[in-house]
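> Contents of upload.tsv (TSV, C-alpha atoms and all ligand atoms) are given next:
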chain	number	residue	atom	x	y	z
A	1	MET	CA	0.00	0.00	0.00
A	2	ILE	CA	1.22	3.48	-0.83
A	3	GLU	CA	1.56	5.82	2.14
A	4	THR	CA	0.52	9.45	1.66
A	5	ILE	CA	2.53	11.89	3.81
A	6	THR	CA	1.67	15.57	4.19
A	7	ALA	CA	4.00	16.71	7.01
A	8	LEU	CA	7.78	17.04	6.70
A	9	ASP	CA	8.41	15.53	10.17
A	10	ALA	CA	6.53	12.39	9.19
A	11	LEU	CA	8.40	12.18	5.86
A	12	ARG	CA	11.75	12.50	7.64
A	13	GLU	CA	10.74	9.81	10.16
A	14	ARG	CA	9.86	7.39	7.33
A	15	LEU	CA	13.14	8.18	5.51
A	16	ARG	CA	15.17	7.71	8.73
A	17	GLY	CA	13.63	4.25	9.13
A	18	TRP	CA	14.62	3.27	5.59
A	19	ARG	CA	18.14	4.62	6.06
A	20	ARG	CA	18.53	2.58	9.28
A	21	GLU	CA	17.74	-0.50	7.18
A	22	GLY	CA	20.36	0.54	4.61
A	23	LEU	CA	17.74	1.07	1.86
A	24	ARG	CA	18.42	3.32	-1.14
A	25	VAL	CA	15.82	5.97	-1.89
A	26	GLY	CA	14.64	6.98	-5.37
A	27	PHE	CA	12.61	10.13	-6.00
A	28	VAL	CA	10.23	11.23	-8.76
A	29	PRO	CA	9.07	14.86	-8.40
A	30	THR	CA	5.84	15.69	-10.26
A	31	MET	CA	3.09	18.27	-10.49
A	32	GLY	CA	0.41	15.57	-10.52
A	33	ASN	CA	-2.17	14.70	-13.19
A	34	LEU	CA	0.00	11.69	-13.78
A	35	HIS	CA	0.21	9.59	-16.96
A	36	ALA	CA	2.26	6.69	-18.31
A	37	GLY	CA	5.29	8.98	-18.71
A	38	HIS	CA	5.37	9.66	-14.96
A	39	TYR	CA	4.77	6.02	-14.09
A	40	SER	CA	7.72	5.01	-16.29
A	41	LEU	CA	9.88	7.33	-14.14
A	42	VAL	CA	8.70	5.52	-11.00
A	43	ALA	CA	9.73	2.23	-12.63
A	44	LEU	CA	13.09	3.75	-13.61
A	45	ALA	CA	13.71	5.01	-10.06
A	46	ARG	CA	12.79	1.57	-8.74
A	47	GLN	CA	15.53	-0.01	-10.87
A	48	HIS	CA	18.09	2.10	-8.97
A	49	ALA	CA	16.59	2.19	-5.47
A	50	ASP	CA	14.87	0.03	-2.86
A	51	ARG	CA	12.13	2.54	-2.05
A	52	VAL	CA	10.53	5.22	-4.21
A	53	VAL	CA	9.07	8.55	-3.07
A	54	SER	CA	7.05	10.63	-5.49
A	55	SER	CA	5.92	14.18	-4.80
A	56	VAL	CA	2.87	15.92	-6.20
A	57	PHE	CA	3.15	19.69	-5.90
A	58	VAL	CA	1.85	22.23	-8.40
A	59	ASN	CA	4.64	24.74	-7.92
A	60	PRO	CA	3.42	28.36	-8.23
A	61	THR	CA	6.92	29.82	-8.68
A	62	GLN	CA	7.52	28.14	-12.06
A	63	PHE	CA	4.40	29.53	-13.73
A	64	GLY	CA	4.46	32.95	-15.39
A	65	PRO	CA	1.68	35.48	-14.61
A	66	SER	CA	-0.23	34.61	-17.80
A	67	GLU	CA	0.30	30.84	-17.52
A	68	ASP	CA	-2.00	28.04	-16.37
A	69	PHE	CA	-1.21	27.70	-12.61
A	70	THR	CA	-4.82	27.96	-11.41
A	71	ARG	CA	-6.29	25.78	-14.16
A	72	TYR	CA	-3.44	23.22	-14.12
A	73	PRO	CA	-5.29	19.85	-13.83
A	74	ARG	CA	-5.43	18.44	-10.31
A	75	THR	CA	-6.42	14.75	-10.01
A	76	PRO	CA	-5.31	13.56	-6.55
A	77	ASP	CA	-7.30	10.31	-6.36
A	78	ALA	CA	-6.23	9.00	-9.77
A	79	ASP	CA	-2.63	10.05	-9.03
A	80	THR	CA	-2.57	8.13	-5.74
A	81	SER	CA	-3.93	4.89	-7.20
A	82	GLY	CA	-1.73	5.21	-10.29
A	83	LEU	CA	1.39	5.72	-8.19
A	84	GLU	CA	0.50	2.74	-6.04
A	85	ALA	CA	0.07	0.54	-9.14
A	86	ALA	CA	3.41	1.83	-10.48
A	87	GLY	CA	5.19	0.67	-7.30
A	88	CYS	CA	5.67	3.96	-5.47
A	89	ASP	CA	6.05	3.59	-1.69
A	90	VAL	CA	5.40	7.13	-0.46
A	91	LEU	CA	3.42	9.99	-1.95
A	92	TRP	CA	4.80	13.28	-0.58
A	93	LEU	CA	2.22	16.06	-0.69
A	94	PRO	CA	3.64	19.37	0.55
A	95	THR	CA	1.46	22.49	0.76
A	96	VAL	CA	2.44	25.86	-0.71
A	97	GLU	CA	2.73	27.21	2.87
A	98	SER	CA	5.10	24.43	3.97
A	99	MET	CA	7.17	24.60	0.77
A	100	TYR	CA	7.62	28.36	1.05
A	101	PRO	CA	7.51	29.07	4.81
A	102	PHE	CA	8.38	32.78	4.35
A	103	GLY	CA	5.97	33.13	1.44
A	104	VAL	CA	6.69	33.03	-2.27
A	105	GLU	CA	7.89	36.66	-2.34
A	106	LEU	CA	10.60	36.02	0.28
A	107	ALA	CA	11.60	32.58	-0.97
A	108	ALA	CA	15.33	31.97	-1.47
A	109	ASN	CA	15.70	31.60	-5.19
A	110	VAL	CA	17.97	29.19	-7.08
A	111	HIS	CA	19.18	30.47	-10.45
A	112	VAL	CA	21.33	28.33	-12.75
A	113	PRO	CA	22.95	30.64	-15.31
A	114	GLY	CA	23.76	29.61	-18.87
A	115	VAL	CA	21.61	26.63	-19.81
A	116	SER	CA	18.54	28.22	-18.12
A	117	GLY	CA	18.71	31.27	-20.38
A	118	VAL	CA	18.11	29.79	-23.85
A	119	LEU	CA	15.02	28.33	-25.60
A	120	GLU	CA	12.42	27.76	-22.83
A	121	GLY	CA	14.28	30.30	-20.70
A	122	GLU	CA	13.72	32.97	-23.36
A	123	CYS	CA	10.05	32.08	-23.85
A	124	ARG	CA	9.22	31.59	-20.17
A	125	PRO	CA	11.36	34.06	-18.18
A	126	GLY	CA	11.89	32.89	-14.59
A	127	HIS	CA	10.49	29.41	-15.27
A	128	PHE	CA	13.70	27.52	-14.54
A	129	ASP	CA	14.38	29.63	-11.45
A	130	GLY	CA	11.04	28.38	-10.14
A	131	VAL	CA	11.87	24.79	-11.09
A	132	CYS	CA	15.34	24.92	-9.47
A	133	THR	CA	13.94	26.68	-6.40
A	134	VAL	CA	11.36	23.96	-5.78
A	135	VAL	CA	13.55	21.00	-6.79
A	136	THR	CA	16.25	22.20	-4.35
A	137	ARG	CA	13.64	22.21	-1.58
A	138	LEU	CA	12.31	18.80	-2.60
A	139	PHE	CA	15.85	17.37	-2.69
A	140	ASN	CA	16.49	18.73	0.81
A	141	GLN	CA	13.21	17.28	2.05
A	142	VAL	CA	13.58	13.80	0.50
A	143	GLN	CA	17.40	13.52	0.33
A	144	PRO	CA	17.21	10.76	-2.28
A	145	ASP	CA	20.09	8.71	-3.67
A	146	VAL	CA	18.67	8.96	-7.20
A	147	ALA	CA	16.01	11.16	-8.80
A	148	ALA	CA	14.27	10.63	-12.15
A	149	PHE	CA	13.19	13.36	-14.59
A	150	GLY	CA	11.57	12.88	-17.99
A	151	LYS	CA	13.45	13.68	-21.20
A	152	LYS	CA	10.35	15.32	-22.64
A	153	ASP	CA	11.40	18.36	-20.61
A	154	TYR	CA	14.86	18.03	-22.14
A	155	GLN	CA	16.09	21.44	-21.06
A	156	GLN	CA	14.74	21.00	-17.54
A	157	LEU	CA	16.80	17.82	-17.23
A	158	ALA	CA	19.91	19.69	-18.45
A	159	VAL	CA	19.29	22.52	-15.97
A	160	ILE	CA	18.78	20.08	-13.08
A	161	ARG	CA	21.97	18.18	-13.96
A	162	GLN	CA	23.90	21.46	-13.99
A	163	MET	CA	22.38	22.52	-10.66
A	164	VAL	CA	23.15	19.17	-9.01
A	165	ALA	CA	26.77	19.26	-10.20
A	166	ASP	CA	27.26	22.91	-9.27
A	167	LEU	CA	25.63	22.74	-5.80
A	168	HIS	CA	27.15	19.30	-5.00
A	169	PHE	CA	23.87	17.51	-4.34
A	170	PRO	CA	24.88	13.87	-3.68
A	171	ILE	CA	22.09	12.68	-5.97
A	172	ARG	CA	22.34	10.70	-9.21
A	173	ILE	CA	20.01	12.14	-11.85
A	174	LEU	CA	18.29	9.69	-14.20
A	175	GLY	CA	16.70	10.76	-17.51
A	176	GLY	CA	13.59	8.78	-18.49
A	177	ALA	CA	12.71	8.16	-22.15
A	178	ILE	CA	9.77	10.09	-23.63
A	179	VAL	CA	6.53	8.09	-23.59
A	180	ARG	CA	4.33	8.73	-26.64
A	181	GLU	CA	0.73	8.20	-27.69
A	182	ASP	CA	0.16	5.81	-30.64
A	183	ASP	CA	0.36	8.67	-33.16
A	184	GLY	CA	3.66	9.94	-31.71
A	185	LEU	CA	2.37	12.82	-29.56
A	186	ALA	CA	4.55	13.03	-26.43
A	187	MET	CA	2.48	12.40	-23.31
A	188	SER	CA	1.84	15.54	-21.30
A	189	SER	CA	-0.70	16.72	-18.75
A	190	ARG	CA	-1.32	19.69	-21.04
A	191	ASN	CA	-2.51	17.46	-23.94
A	192	GLN	CA	-5.96	17.39	-22.39
A	193	TYR	CA	-6.32	21.12	-23.13
A	194	LEU	CA	-6.34	20.23	-26.86
A	195	GLY	CA	-9.75	20.47	-28.53
A	196	ALA	CA	-11.14	17.46	-30.41
A	197	ASP	CA	-10.16	19.08	-33.73
A	198	GLU	CA	-6.68	19.97	-32.44
A	199	ARG	CA	-5.68	16.63	-30.91
A	200	PRO	CA	-5.10	14.75	-34.23
A	201	ARG	CA	-3.11	17.70	-35.58
A	202	ALA	CA	-0.78	17.78	-32.56
A	203	SER	CA	1.24	14.75	-33.70
A	204	ALA	CA	2.67	16.92	-36.52
A	205	ILE	CA	5.33	18.02	-34.02
A	206	HIS	CA	6.71	14.51	-33.69
A	207	ARG	CA	6.78	14.07	-37.48
A	208	LEU	CA	8.51	17.42	-37.81
A	209	LEU	CA	11.28	16.34	-35.40
A	210	HIS	CA	11.98	13.37	-37.69
A	211	HIS	CA	12.08	15.72	-40.70
A	212	MET	CA	14.59	17.90	-38.84
A	213	ARG	CA	16.75	14.84	-38.25
A	214	GLN	CA	16.57	13.85	-41.93
A	215	ALA	CA	17.41	17.40	-43.06
A	216	HIS	CA	20.40	17.50	-40.71
A	217	GLU	CA	21.62	14.12	-41.94
A	218	ALA	CA	21.20	15.31	-45.56
A	219	GLY	CA	23.57	18.20	-44.79
A	220	THR	CA	21.07	21.09	-44.49
A	221	SER	CA	22.56	23.93	-42.46
A	222	ARG	CA	21.15	24.60	-38.99
A	223	ALA	CA	19.71	28.00	-39.87
A	224	VAL	CA	17.93	26.74	-43.01
A	225	LEU	CA	16.68	23.62	-41.24
A	226	GLU	CA	15.20	25.67	-38.38
A	227	ARG	CA	13.60	28.16	-40.80
A	228	GLN	CA	12.03	25.36	-42.81
A	229	ALA	CA	10.79	23.59	-39.67
A	230	THR	CA	9.16	26.76	-38.35
A	231	ALA	CA	7.52	27.45	-41.75
A	232	ARG	CA	6.16	23.92	-41.87
A	233	LEU	CA	4.51	24.25	-38.45
A	234	ASP	CA	3.19	27.73	-39.30
A	235	GLU	CA	1.50	26.27	-42.39
A	236	GLN	CA	-0.19	23.68	-40.19
A	237	GLY	CA	-1.70	26.33	-37.94
A	238	PHE	CA	0.79	26.25	-35.04
A	239	THR	CA	2.21	29.38	-33.43
A	240	VAL	CA	5.88	28.53	-33.10
A	241	ASP	CA	8.02	29.60	-30.11
A	242	TYR	CA	11.13	27.88	-31.47
A	243	THR	CA	12.44	25.03	-33.58
A	244	ALA	CA	16.06	24.31	-32.71
A	245	LEU	CA	18.94	22.00	-33.56
A	246	ARG	CA	21.44	21.88	-30.71
A	247	ARG	CA	24.27	19.89	-29.19
A	248	PRO	CA	23.11	17.71	-26.26
A	249	ASP	CA	24.19	20.47	-23.83
A	250	LEU	CA	21.93	22.87	-25.82
A	251	SER	CA	24.85	24.90	-27.18
A	252	LEU	CA	24.82	25.90	-30.87
A	253	PRO	CA	26.55	23.39	-33.17
A	254	ASP	CA	28.65	24.48	-36.15
A	255	ASP	CA	27.42	23.37	-39.56
A	256	GLY	CA	29.18	20.21	-40.68
A	257	GLU	CA	30.45	19.46	-37.17
A	258	PRO	CA	29.98	15.76	-36.36
A	259	GLY	CA	28.46	14.56	-33.09
A	260	PRO	CA	25.17	13.91	-31.34
A	261	ARG	CA	22.29	16.38	-31.71
A	262	VAL	CA	18.92	17.14	-30.25
A	263	ALA	CA	16.07	18.74	-32.20
A	264	LEU	CA	13.65	20.70	-30.01
A	265	VAL	CA	10.28	22.29	-30.74
A	266	ALA	CA	7.92	24.48	-28.72
A	267	ALA	CA	4.71	25.55	-30.40
A	268	ARG	CA	1.16	26.47	-29.54
A	269	LEU	CA	-1.92	24.87	-31.03
A	270	GLY	CA	-4.83	27.10	-30.04
A	271	ASN	CA	-4.25	27.81	-26.35
A	272	THR	CA	-2.15	24.71	-25.71
A	273	ARG	CA	1.63	25.01	-25.59
A	274	LEU	CA	3.36	21.79	-26.64
A	275	ILE	CA	7.07	20.93	-26.37
A	276	ASP	CA	8.89	17.89	-27.71
A	277	ASN	CA	12.37	16.82	-28.77
A	278	LEU	CA	14.31	14.07	-30.51
A	279	GLU	CA	17.89	12.98	-29.78
A	280	PHE	CA	20.04	11.55	-32.56
B	1	LIG	O1	8.58	18.46	-14.49
B	1	LIG	C1	7.78	18.83	-13.61
B	1	LIG	O2	6.67	18.30	-13.44
B	1	LIG	C2	8.16	19.98	-12.69
B	1	LIG	O3	8.86	20.97	-13.38
B	1	LIG	C3	8.93	19.54	-11.43
B	1	LIG	C4	10.27	18.93	-11.78
B	1	LIG	C5	8.10	18.54	-10.65
B	1	LIG	C6	9.19	20.76	-10.52
B	1	LIG	O4	8.00	21.36	-10.11
Show the structure stored in the file as structure tokens.

Amino acid sequence: MIETITALDALRERLRGWRREGLRVGFVPTMGNLHAGHYSLVALARQHADRVVSSVFVNPTQFGPSEDFTRYPRTPDADTSGLEAAGCDVLWLPTVESMYPFGVELAANVHVPGVSGVLEGECRPGHFDGVCTVVTRLFNQVQPDVAAFGKKDYQQLAVIRQMVADLHFPIRILGGAIVREDDGLAMSSRNQYLGADERPRASAIHRLLHHMRQAHEAGTSRAVLERQATARLDEQGFTVDYTALRRPDLSLPDDGEPGPRVALVAARLGNTRLIDNLEF
């Protein structure tokens, strides 16, 4: 049976017990409204740990003023039973007041320069500060041996890895593969905002990522490839934030330079903002 814990003292007591038994702790932080992508992270954490803690906390500090914090889907009952079925041992449910004891305005803020500033960082100013600020708190609360983050939020994973290395968190970060719907759409809590007419069109992003890969492999320059990718999505009715070809660390590759790449896309269909990426 999964145990739901809402007070930090009780969480620490449970963790102390596990540590006394020499058990390794895995952690999967989430904002709830869980789907198969999240549950695959619980399974991944389980492969590297004896016990798994998952948190559900819709973090106000990572949403911009015009973003969807208040309407972000909250499904606590389904999340609890899904986590139990996925093999999670403890569901950690902090409140906004306990997470930010001095209030959000006076919260100590964690900023990771460099990798936070590009792509999502340009489109969503302050977003990664909010993510790093809450993940630092969650790491201090749970003190896991390993923590799993999904590769769908590719840049978030890069920012967290940088933060963990820079601040010497003794935590191994695991990246979980993107889980997709049958038509290729990356699973996301925000997919449910898509209207019935929009949902079938949303898989164009995944197809586009494969086109970007083919264009790169055919020798198309980065600038041309990105321009063509943006035009293609525009034609299909998306409002594009960016299409990007980058090195795995998100720096700009030189044309003709060999090595691994990641193609990343952020685009809006109606009111729904979708992000996806493909490594190759
Ligand atoms: O990826 C998410 O759901 C969130 O950004 C995280 C890591 C749980 C921090 O709030």
> Please identify every residue of chain A that has at least one atom no farther than 10 Å from an atom of ligand LIG 1 (chain B), counting only C-alpha atoms and all ligand atoms, and for each give the shortest atom pair and the distance in Å to one decimal, arranged by chain then increasing number, as JSON lines.

{"residue": "A:Val28", "atom": "CA", "partner": "B:LIG1", "partner_atom": "C5", "distance": 7.8}
{"residue": "A:Pro29", "atom": "CA", "partner": "B:LIG1", "partner_atom": "C5", "distance": 4.4}
{"residue": "A:Thr30", "atom": "CA", "partner": "B:LIG1", "partner_atom": "C5", "distance": 3.7}
{"residue": "A:Met31", "atom": "CA", "partner": "B:LIG1", "partner_atom": "O2", "distance": 4.6}
{"residue": "A:Gly32", "atom": "CA", "partner": "B:LIG1", "partner_atom": "O2", "distance": 7.4}
{"residue": "A:Asn33", "atom": "CA", "partner": "B:LIG1", "partner_atom": "O2", "distance": 9.5}
{"residue": "A:Leu34", "atom": "CA", "partner": "B:LIG1", "partner_atom": "O2", "distance": 9.4}
{"residue": "A:His38", "atom": "CA", "partner": "B:LIG1", "partner_atom": "O2", "distance": 8.9}
{"residue": "A:Ser54", "atom": "CA", "partner": "B:LIG1", "partner_atom": "C5", "distance": 9.5}
{"residue": "A:Ser55", "atom": "CA", "partner": "B:LIG1", "partner_atom": "C5", "distance": 7.6}
{"residue": "A:Val56", "atom": "CA", "partner": "B:LIG1", "partner_atom": "C5", "distance": 7.3}
{"residue": "A:Phe57", "atom": "CA", "partner": "B:LIG1", "partner_atom": "O4", "distance": 6.6}
{"residue": "A:Val58", "atom": "CA", "partner": "B:LIG1", "partner_atom": "O4", "distance": 6.4}
{"residue": "A:Asn59", "atom": "CA", "partner": "B:LIG1", "partner_atom": "O4", "distance": 5.2}
{"residue": "A:Pro60", "atom": "CA", "partner": "B:LIG1", "partner_atom": "O4", "distance": 8.6}
{"residue": "A:Thr61", "atom": "CA", "partner": "B:LIG1", "partner_atom": "O4", "distance": 8.6}
{"residue": "A:Gln62", "atom": "CA", "partner": "B:LIG1", "partner_atom": "O4", "distance": 7.1}
{"residue": "A:Phe63", "atom": "CA", "partner": "B:LIG1", "partner_atom": "O4", "distance": 9.6}
{"residue": "A:His127", "atom": "CA", "partner": "B:LIG1", "partner_atom": "O3", "distance": 8.8}
{"residue": "A:Phe128", "atom": "CA", "partner": "B:LIG1", "partner_atom": "O3", "distance": 8.2}
{"residue": "A:Gly130", "atom": "CA", "partner": "B:LIG1", "partner_atom": "O4", "distance": 7.7}
{"residue": "A:Val131", "atom": "CA", "partner": "B:LIG1", "partner_atom": "C6", "distance": 4.9}
{"residue": "A:Cys132", "atom": "CA", "partner": "B:LIG1", "partner_atom": "C6", "distance": 7.5}
{"residue": "A:Thr133", "atom": "CA", "partner": "B:LIG1", "partner_atom": "C6", "distance": 8.6}
{"residue": "A:Val134", "atom": "CA", "partner": "B:LIG1", "partner_atom": "O4", "distance": 6.1}
{"residue": "A:Val135", "atom": "CA", "partner": "B:LIG1", "partner_atom": "C6", "distance": 5.7}
{"residue": "A:Thr136", "atom": "CA", "partner": "B:LIG1", "partner_atom": "C6", "distance": 9.5}
{"residue": "A:Leu138", "atom": "CA", "partner": "B:LIG1", "partner_atom": "C6", "distance": 8.7}
{"residue": "A:Ala148", "atom": "CA", "partner": "B:LIG1", "partner_atom": "C4", "distance": 9.2}
{"residue": "A:Phe149", "atom": "CA", "partner": "B:LIG1", "partner_atom": "O1", "distance": 6.9}
{"residue": "A:Gly150", "atom": "CA", "partner": "B:LIG1", "partner_atom": "O1", "distance": 7.2}
{"residue": "A:Lys151", "atom": "CA", "partner": "B:LIG1", "partner_atom": "O1", "distance": 9.6}
{"residue": "A:Lys152", "atom": "CA", "partner": "B:LIG1", "partner_atom": "O1", "distance": 8.9}
{"residue": "A:Asp153", "atom": "CA", "partner": "B:LIG1", "partner_atom": "O1", "distance": 6.7}
{"residue": "A:Tyr154", "atom": "CA", "partner": "B:LIG1", "partner_atom": "O1", "distance": 9.9}
{"residue": "A:Gln156", "atom": "CA", "partner": "B:LIG1", "partner_atom": "O3", "distance": 7.2}
{"residue": "A:Leu157", "atom": "CA", "partner": "B:LIG1", "partner_atom": "C4", "distance": 8.6}
{"residue": "A:Ile160", "atom": "CA", "partner": "B:LIG1", "partner_atom": "C4", "distance": 8.7}
{"residue": "A:Ser188", "atom": "CA", "partner": "B:LIG1", "partner_atom": "O2", "distance": 9.6}
{"residue": "A:Ser189", "atom": "CA", "partner": "B:LIG1", "partner_atom": "O2", "distance": 9.2}
> Determine, for each residue of region 156-225 of chain A having at least one atom at most 10 Å from an atom of region 244-260 of chain A, the closest pair of atoms and their separation in Å to one decimal, counting only C-alpha atoms; order by chain and ascending number, as JSON lines.

{"residue": "A:Ala158", "atom": "CA", "partner": "A:Asp249", "partner_atom": "CA", "distance": 6.9}
{"residue": "A:Val159", "atom": "CA", "partner": "A:Asp249", "partner_atom": "CA", "distance": 9.5}
{"residue": "A:Gln162", "atom": "CA", "partner": "A:Asp249", "partner_atom": "CA", "distance": 9.9}
{"residue": "A:Leu209", "atom": "CA", "partner": "A:Ala244", "partner_atom": "CA", "distance": 9.7}
{"residue": "A:Met212", "atom": "CA", "partner": "A:Leu245", "partner_atom": "CA", "distance": 8.0}
{"residue": "A:Arg213", "atom": "CA", "partner": "A:Leu245", "partner_atom": "CA", "distance": 8.8}
{"residue": "A:His216", "atom": "CA", "partner": "A:Leu245", "partner_atom": "CA", "distance": 8.6}
{"residue": "A:Glu217", "atom": "CA", "partner": "A:Gly256", "partner_atom": "CA", "distance": 9.8}
{"residue": "A:Gly219", "atom": "CA", "partner": "A:Gly256", "partner_atom": "CA", "distance": 7.2}
{"residue": "A:Thr220", "atom": "CA", "partner": "A:Asp255", "partner_atom": "CA", "distance": 8.4}
{"residue": "A:Ser221", "atom": "CA", "partner": "A:Asp255", "partner_atom": "CA", "distance": 5.7}
{"residue": "A:Arg222", "atom": "CA", "partner": "A:Leu245", "partner_atom": "CA", "distance": 6.4}
{"residue": "A:Ala223", "atom": "CA", "partner": "A:Leu245", "partner_atom": "CA", "distance": 8.7}
{"residue": "A:Leu225", "atom": "CA", "partner": "A:Leu245", "partner_atom": "CA", "distance": 8.2}
> Quick one, how far is CA of Asp234 (chain A) from CA of Arg190 (chain A)?
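CA of Arg190 (chain A) lies 20.5 Å from CA of Asp234 (chain A).
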> Quote the spacing between CA of Asp89 (chain A) and CA of Ile2 (chain A) in Å to one decimal place.
4.9 Å
> Rounded to one decimal, what separation in Å do you get between CA of Val42 (chain A) and CA of Gly87 (chain A)?
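Calculated distance between CA of Val42 (chain A) and CA of Gly87 (chain A) is 7.0 Å.
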> Show me, as a list in words, the residues that have an atom within 12 Å of Leu44 (chain A) when counting all atoms listed in the file, minus same-chain residues fewer than 2 positions from it.
Gly26, Phe27, Val28, Gly37, His38, Tyr39, Ser40, Leu41, Val42, Arg46, Gln47, His48, Ala49, Asp50, Arg51, Val52, Ala86, Gly87, Cys88, Val146, Ala147, Ala148, Phe149, Gly150, Ile173, Leu174, Gly175, Gly176 and Ala177 of chain A
> Using only C-alpha atoms, find the one residue out of A:Thr243, A:Thr4, A:Asn191, A:Gln228 that sits nearest to Glu84 (chain A).
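Smallest distance to Glu84 (chain A) is found for A:Thr4.
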